[in-house]
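Enquirer: The structure that follows is given in the form of structure tokens.
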Amino acid sequence: MKLSDIGEFGLIERFAPLFKHLIPEGLEGIGDDCAIIPINAEESLVITTDLLVEDVHFLKEHILPRELGWKSLAVSLSDIASMGATPVGSFLSIALPENIPVAWTDEFFNGYHDLSSKESTPLLGGDTTKSPDKIVVNVTVVGKILNKYIKRRSGAKPGDLIAVTGYLGDSAAGLKLILLDMAKEGVSSALARSHHMPVPHIKEGKWLSSLAEVHAMMDVSDGISSDLDHIMKASNCHAEVWLEKLPVSDHLTKVSLENGWDIYSLATGGGEDYVLLLTIDKNMEQEIKNEFFKLFGKELYIIGEVKEGLPCVDWMLNDEKVDLCKGFNHFG
Ligand code: ADP
Ligand code: MG
């Protein structure tokens with residue numbers, strides 16, 4: 001059996017149980033976007049770590065060092081946002097080939113600093129080492145949150161509505177355009193920017209976490225076809241998603257029509273949108289949507305409903321069930 005036979009999540013399921021008995025009461029580890037470590041009766045630290053490997057997560061010729069610095073922090077801040085927490089600080093470990101220009105590293109750290117400043121999140125430490133050839137970046141972010149506000153993947157309940165805090169598919173379309181060398185200007189370069197410089201929804205996450213009517217939350221990193229599955233498995237519920245309700249940008253619609261791309265595959269399977277995916281009490285739909293719009297000047301998009309049943313997702317298009325390809329899975 002090879003790793004590709006079990007995939008990224010199959011591997012995690014094999015080793016995670018080995019460590020379960022070592023986790024003391026009150027701590028939460030593998031399985032959510034962040035680990036949770038209570039610091040007193042009221043508050044917890046939440047901690048996440050993410051790895052970016054050259055030629056797997058980014059292509060050096062296609063991404064500016066400033067964009068890579070931003071993105072390295074953004075992907076971890078997004079996990080902090082998904083718990084509803086406030087970031088406290090970050091740790092950056094980086095492996096670099098020795099012939100890399102110092103101007104490249106300066107720009108990388110400028111990008112990392114841009115987002116650190118925007119989110120008032122200081123760089124608190126890390127590690128720097130030589131790499132034989134490729135660049136490897138690992139960012140850990142620590143956040144803080146009141147225990148009563150923590151949102152987990154496991155909180156969804158039958159009857160909830162499923163919502164997202166922003167457009168889906170822009171990042172995937174941006175990546176396609178980058179790989180086709182078509183991301184030079186206008187709409188295409190805007191989509192490429194979504195891929196290279198995602199903006200984590202920290203303020204949205206904090207506000208949503210303060211609402212008892214928000215039951216489950218995670219961030220969309222692998223595509224909702226994979227990510228929503230995680231919520232359903234953790235909550236032991238079934239989901240129905242209405243494809244015609246997925247929020248897609250005018251930019252995505254335009255390039256998909258021009259290039260004959262399947263807009264639904266990009267919106268559900270592409271990944272790296274770093275919006276928040278959540279479930280809310282159906283009875284509070286209008287109040288939450290109205291307040292969300294007032295606070296953030298954009299819509300909270302309702303895309304489906306949680307039901308009782310097998311922990312998987314039915315994809316519906318105009319009331320008919322359709323097949324969809326899965327989201328991103330390393331080795332899968
Ligand atoms: P995310 O996309 O939110 O970063 P992942 O899908 O990468 O989350 O990981 C799922 C869960 O598995 C998380 O709780 C993560 O901490 C855990 N995990 C992934 N890889 C490892 C690893 N090598 N060792 C321990 N935990 C891991
Ligand atoms: Mg996540």
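Labels used: A, B, ... for chains in the order of the structure tokens, numbers from 1 for residues in each chain, and numbers from 1 for ligands as shown.
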Could you give me, as a PDB file with all heavy atoms, in the first residue's frame, the residues within 9 Å of Lys144 in chain A, counting only C-alpha atoms and dropping anything in the same chain fewer than 6 positions from it?
Expert:
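So the final result, stored in part.pdb, reads:
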ATOM      1  N   GLU A  43     -10.722  31.454  29.195  1.00  0.00           N
ATOM      2  CA  GLU A  43     -10.055  31.663  27.912  1.00  0.00           C
ATOM      3  C   GLU A  43      -9.216  30.476  27.470  1.00  0.00           C
ATOM      4  O   GLU A  43      -8.717  29.720  28.297  1.00  0.00           O
ATOM      5  CB  GLU A  43      -9.097  32.851  28.021  1.00  0.00           C
ATOM      6  CG  GLU A  43      -9.751  34.200  28.007  1.00  0.00           C
ATOM      7  CD  GLU A  43      -8.695  35.264  28.217  1.00  0.00           C
ATOM      8  OE1 GLU A  43      -7.993  35.194  29.242  1.00  0.00           O
ATOM      9  OE2 GLU A  43      -8.570  36.124  27.356  1.00  0.00           O
ATOM     10  N   SER A  44      -9.009  30.403  26.134  1.00  0.00           N
ATOM     11  CA  SER A  44      -8.114  29.378  25.582  1.00  0.00           C
ATOM     12  C   SER A  44      -7.176  29.995  24.566  1.00  0.00           C
ATOM     13  O   SER A  44      -7.481  31.035  23.953  1.00  0.00           O
ATOM     14  CB  SER A  44      -8.919  28.299  24.863  1.00  0.00           C
ATOM     15  OG  SER A  44      -9.617  27.498  25.776  1.00  0.00           O
ATOM     16  N   LEU A  45      -6.042  29.330  24.378  1.00  0.00           N
ATOM     17  CA  LEU A  45      -5.202  29.608  23.217  1.00  0.00           C
ATOM     18  C   LEU A  45      -5.615  28.634  22.123  1.00  0.00           C
ATOM     19  O   LEU A  45      -5.935  27.472  22.414  1.00  0.00           O
ATOM     20  CB  LEU A  45      -3.725  29.395  23.554  1.00  0.00           C
ATOM     21  CG  LEU A  45      -3.113  30.353  24.566  1.00  0.00           C
ATOM     22  CD1 LEU A  45      -1.656  29.972  24.838  1.00  0.00           C
ATOM     23  CD2 LEU A  45      -3.202  31.808  24.066  1.00  0.00           C
ATOM     24  N   VAL A  46      -5.610  29.102  20.879  1.00  0.00           N
ATOM     25  CA  VAL A  46      -5.815  28.193  19.748  1.00  0.00           C
ATOM     26  C   VAL A  46      -4.561  28.278  18.878  1.00  0.00           C
ATOM     27  O   VAL A  46      -3.980  29.351  18.730  1.00  0.00           O
ATOM     28  CB  VAL A  46      -7.092  28.528  18.934  1.00  0.00           C
ATOM     29  CG1 VAL A  46      -8.332  28.319  19.778  1.00  0.00           C
ATOM     30  CG2 VAL A  46      -7.060  29.933  18.366  1.00  0.00           C
ATOM     31  N   ILE A  47      -4.134  27.129  18.347  1.00  0.00           N
ATOM     32  CA  ILE A  47      -2.845  27.065  17.657  1.00  0.00           C
ATOM     33  C   ILE A  47      -2.991  26.286  16.356  1.00  0.00           C
ATOM     34  O   ILE A  47      -3.612  25.220  16.325  1.00  0.00           O
ATOM     35  CB  ILE A  47      -1.788  26.392  18.555  1.00  0.00           C
ATOM     36  CG1 ILE A  47      -1.659  27.198  19.854  1.00  0.00           C
ATOM     37  CG2 ILE A  47      -0.435  26.319  17.850  1.00  0.00           C
ATOM     38  CD1 ILE A  47      -0.900  26.513  20.939  1.00  0.00           C
ATOM     39  N   ILE A  80      -7.122  30.526  12.304  1.00  0.00           N
ATOM     40  CA  ILE A  80      -7.452  31.238  13.546  1.00  0.00           C
ATOM     41  C   ILE A  80      -8.847  31.861  13.409  1.00  0.00           C
ATOM     42  O   ILE A  80      -9.682  31.779  14.319  1.00  0.00           O
ATOM     43  CB  ILE A  80      -6.380  32.330  13.839  1.00  0.00           C
ATOM     44  CG1 ILE A  80      -4.996  31.708  14.067  1.00  0.00           C
ATOM     45  CG2 ILE A  80      -6.807  33.220  15.006  1.00  0.00           C
ATOM     46  CD1 ILE A  80      -4.819  30.925  15.351  1.00  0.00           C
ATOM     47  N   ALA A  85     -11.207  33.198  16.710  1.00  0.00           N
ATOM     48  CA  ALA A  85     -10.223  33.743  17.652  1.00  0.00           C
ATOM     49  C   ALA A  85      -9.539  35.021  17.143  1.00  0.00           C
ATOM     50  O   ALA A  85      -9.639  35.378  15.973  1.00  0.00           O
ATOM     51  CB  ALA A  85      -9.169  32.679  17.946  1.00  0.00           C
ATOM     52  N   THR A  86      -8.821  35.665  18.070  1.00  0.00           N
ATOM     53  CA  THR A  86      -8.008  36.842  17.753  1.00  0.00           C
ATOM     54  C   THR A  86      -6.542  36.403  17.720  1.00  0.00           C
ATOM     55  O   THR A  86      -6.063  35.812  18.690  1.00  0.00           O
ATOM     56  CB  THR A  86      -8.156  37.905  18.871  1.00  0.00           C
ATOM     57  OG1 THR A  86      -9.544  38.198  19.000  1.00  0.00           O
ATOM     58  CG2 THR A  86      -7.384  39.166  18.546  1.00  0.00           C
ATOM     59  N   PRO A  87      -5.825  36.686  16.619  1.00  0.00           N
ATOM     60  CA  PRO A  87      -4.428  36.258  16.585  1.00  0.00           C
ATOM     61  C   PRO A  87      -3.576  36.986  17.619  1.00  0.00           C
ATOM     62  O   PRO A  87      -3.758  38.179  17.849  1.00  0.00           O
ATOM     63  CB  PRO A  87      -3.977  36.600  15.157  1.00  0.00           C
ATOM     64  CG  PRO A  87      -5.000  37.516  14.597  1.00  0.00           C
ATOM     65  CD  PRO A  87      -6.264  37.338  15.380  1.00  0.00           C
ATOM     66  N   VAL A  88      -2.646  36.245  18.231  1.00  0.00           N
ATOM     67  CA  VAL A  88      -1.743  36.822  19.243  1.00  0.00           C
ATOM     68  C   VAL A  88      -0.351  37.028  18.643  1.00  0.00           C
ATOM     69  O   VAL A  88       0.281  38.061  18.857  1.00  0.00           O
ATOM     70  CB  VAL A  88      -1.629  35.866  20.462  1.00  0.00           C
ATOM     71  CG1 VAL A  88      -0.553  36.337  21.426  1.00  0.00           C
ATOM     72  CG2 VAL A  88      -2.966  35.754  21.170  1.00  0.00           C
TER      73      VAL A  88
END
Enquirer: Quick one: pick out all helix (DSSP H, G or I) residues within range 269-317 of chain A from a backbone DSSP run and write them as a list of chain:residue names.
Expert: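 Across range 269-317 of chain A, those assigned helix (DSSP H, G or I) are A:Gly269, A:Lys282, A:Asn283, A:Met284, A:Glu285, A:Gln286, A:Glu287, A:Ile288, A:Lys289, A:Asn290, A:Glu291, A:Phe292, A:Phe293, A:Lys294, A:Leu295, A:Phe296.
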Enquirer: Those residues you just picked out, can you put them in a file as a JSON list (two decimals), in the first residue's frame with N, CA and C atoms?
Expert:
[["chain", "number", "residue", "atom", "x", "y", "z"],
["A", 269, "GLY", "N", -14.53, 22.63, -5.78],
["A", 269, "GLY", "CA", -13.37, 21.75, -5.62],
["A", 269, "GLY", "C", -12.03, 22.44, -5.66],
["A", 282, "LYS", "N", -31.49, 28.17, 11.60],
["A", 282, "LYS", "CA", -32.37, 28.63, 10.53],
["A", 282, "LYS", "C", -33.26, 29.80, 10.96],
["A", 283, "ASN", "N", -33.70, 29.76, 12.23],
["A", 283, "ASN", "CA", -34.64, 30.79, 12.70],
["A", 283, "ASN", "C", -34.00, 32.17, 12.79],
["A", 284, "MET", "N", -32.67, 32.23, 12.77],
["A", 284, "MET", "CA", -31.98, 33.52, 12.90],
["A", 284, "MET", "C", -31.40, 33.98, 11.57],
["A", 285, "GLU", "N", -31.77, 33.31, 10.48],
["A", 285, "GLU", "CA", -31.16, 33.60, 9.18],
["A", 285, "GLU", "C", -31.18, 35.10, 8.85],
["A", 286, "GLN", "N", -32.38, 35.69, 8.90],
["A", 286, "GLN", "CA", -32.52, 37.07, 8.44],
["A", 286, "GLN", "C", -31.75, 38.04, 9.33],
["A", 287, "GLU", "N", -31.86, 37.86, 10.65],
["A", 287, "GLU", "CA", -31.15, 38.75, 11.59],
["A", 287, "GLU", "C", -29.64, 38.68, 11.36],
["A", 288, "ILE", "N", -29.11, 37.47, 11.22],
["A", 288, "ILE", "CA", -27.65, 37.32, 11.06],
["A", 288, "ILE", "C", -27.22, 37.92, 9.72],
["A", 289, "LYS", "N", -27.99, 37.64, 8.68],
["A", 289, "LYS", "CA", -27.63, 38.18, 7.35],
["A", 289, "LYS", "C", -27.66, 39.71, 7.36],
["A", 290, "ASN", "N", -28.70, 40.28, 7.97],
["A", 290, "ASN", "CA", -28.82, 41.75, 7.99],
["A", 290, "ASN", "C", -27.66, 42.39, 8.74],
["A", 291, "GLU", "N", -27.36, 41.83, 9.91],
["A", 291, "GLU", "CA", -26.29, 42.40, 10.75],
["A", 291, "GLU", "C", -24.93, 42.21, 10.06],
["A", 292, "PHE", "N", -24.74, 41.06, 9.43],
["A", 292, "PHE", "CA", -23.48, 40.79, 8.72],
["A", 292, "PHE", "C", -23.29, 41.84, 7.63],
["A", 293, "PHE", "N", -24.37, 42.12, 6.91],
["A", 293, "PHE", "CA", -24.27, 43.11, 5.82],
["A", 293, "PHE", "C", -23.95, 44.49, 6.38],
["A", 294, "LYS", "N", -24.60, 44.84, 7.50],
["A", 294, "LYS", "CA", -24.35, 46.16, 8.12],
["A", 294, "LYS", "C", -22.89, 46.30, 8.54],
["A", 295, "LEU", "N", -22.35, 45.22, 9.12],
["A", 295, "LEU", "CA", -21.00, 45.28, 9.67],
["A", 295, "LEU", "C", -19.91, 45.19, 8.60],
["A", 296, "PHE", "N", -20.12, 44.34, 7.59],
["A", 296, "PHE", "CA", -19.03, 44.04, 6.67],
["A", 296, "PHE", "C", -19.29, 44.52, 5.23]]
Enquirer: Which of these residues is nearest to ligand 1, using only C-alpha atoms and all ligand atoms: A:Ile150, A:Ile145, A:Ala212, A:Leu51?
Expert: A:Leu51
Enquirer: Using only C-alpha atoms and all ligand atoms for the distances, tell me which of A:His238, A:Lys20, A:Arg153, A:Lys134 is nearest to ligand 2.
Expert: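 With only C-alpha atoms and all ligand atoms as the atom set, the closest residue is A:Arg153.
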Enquirer: For atom 3 (O, counted along the ligand's line) of ligand 1 and CA of Ser256 in chain A, quote the distance in Å rounded to one decimal.
Expert: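 Atom-to-atom, atom 3 (O, counted along the ligand's line) of ligand 1 and CA of Ser256 in chain A are spaced 27.7 Å apart.
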Enquirer: So the first atom is atom 4 (O, counted along the ligand's line) of ligand 1 and the second is CA of Leu77 in chain A; what is the distance between them in Å, to one decimal place?
Expert: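 These atoms are spaced 10.1 Å apart.
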Enquirer: So how many Å separate CA of Arg66 in chain A and CA of Ala172 in chain A, to one decimal?
Expert: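 These two atoms are separated by 20.1 Å.
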Enquirer: Please find the residues contacting ligand 1 at a distance of at most 8 Å between atoms, with only C-alpha atoms and all ligand atoms counted, and report them as a VMD selection string.
Expert: chain A and resid 8 to 9 12 16 29 to 35 48 to 50 75 to 76 79 218 to 222
Enquirer: Quick one: residues within 12 Å of Ser131 in chain A, only C-alpha atoms counted, chain neighbours fewer than 2 positions away excluded, as a list in words?
Expert: Val53, Glu54, Ser93, Ile94, Ala95, Leu96, Pro97, Glu98, Asn99, Ile100, Thr128, Thr129, Asp133, Lys134, Ile135, Val136 and Val137 of chain A
Enquirer: Go through A:Ala74, A:Val313, A:Ile39, A:Leu175 and flag the residue nearest ligand 2, using only C-alpha atoms and all ligand atoms for the distances.
Expert: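 For ligand 2, the nearest of the given residues is A:Ala74.
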Enquirer: From the list A:Pro200, A:Gly126, A:Gly89, A:Pro158, which residue is nearest ligand 2 when using only C-alpha atoms and all ligand atoms?
Expert: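 Distance minimum relative to ligand 2 lands on A:Pro200.
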Enquirer: Counting only C-alpha atoms, figure out which residue out of A:Gly125, A:Lys71, A:Lys130, A:Met217 gets nearest to Asn110 in chain A.
Expert: A:Lys71
Enquirer: Residues of range 151-260 of chain A in strand (DSSP E) according to DSSP, as a list in words?
Expert: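 Answer for range 151-260 of chain A, restricted to strand (DSSP E): Leu161, Ile162, Ala163, Val164, Val214, His215, Ala216, Met217, Met218, Asp219, His238, Ala239, Glu240, Val241 and Trp242 of chain A.
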Enquirer: Please provide the set of residues having any atom within 12 Å of Asp273 in chain A, restricted to only C-alpha atoms, with same-chain residues fewer than 5 positions apart removed, written as a PyMOL selection string.
Expert: chain A and resi 71+74-75+78+164-175+191-201+219-224+227+247-248+266-268
Enquirer: For Pro311 in chain A, work out the shell of residues within 7 Å, counting only C-alpha atoms and skipping chain neighbours fewer than 2 positions away, then give it as an NGL selection string.
Expert: :A and (232-233 or 236-238 or 309)
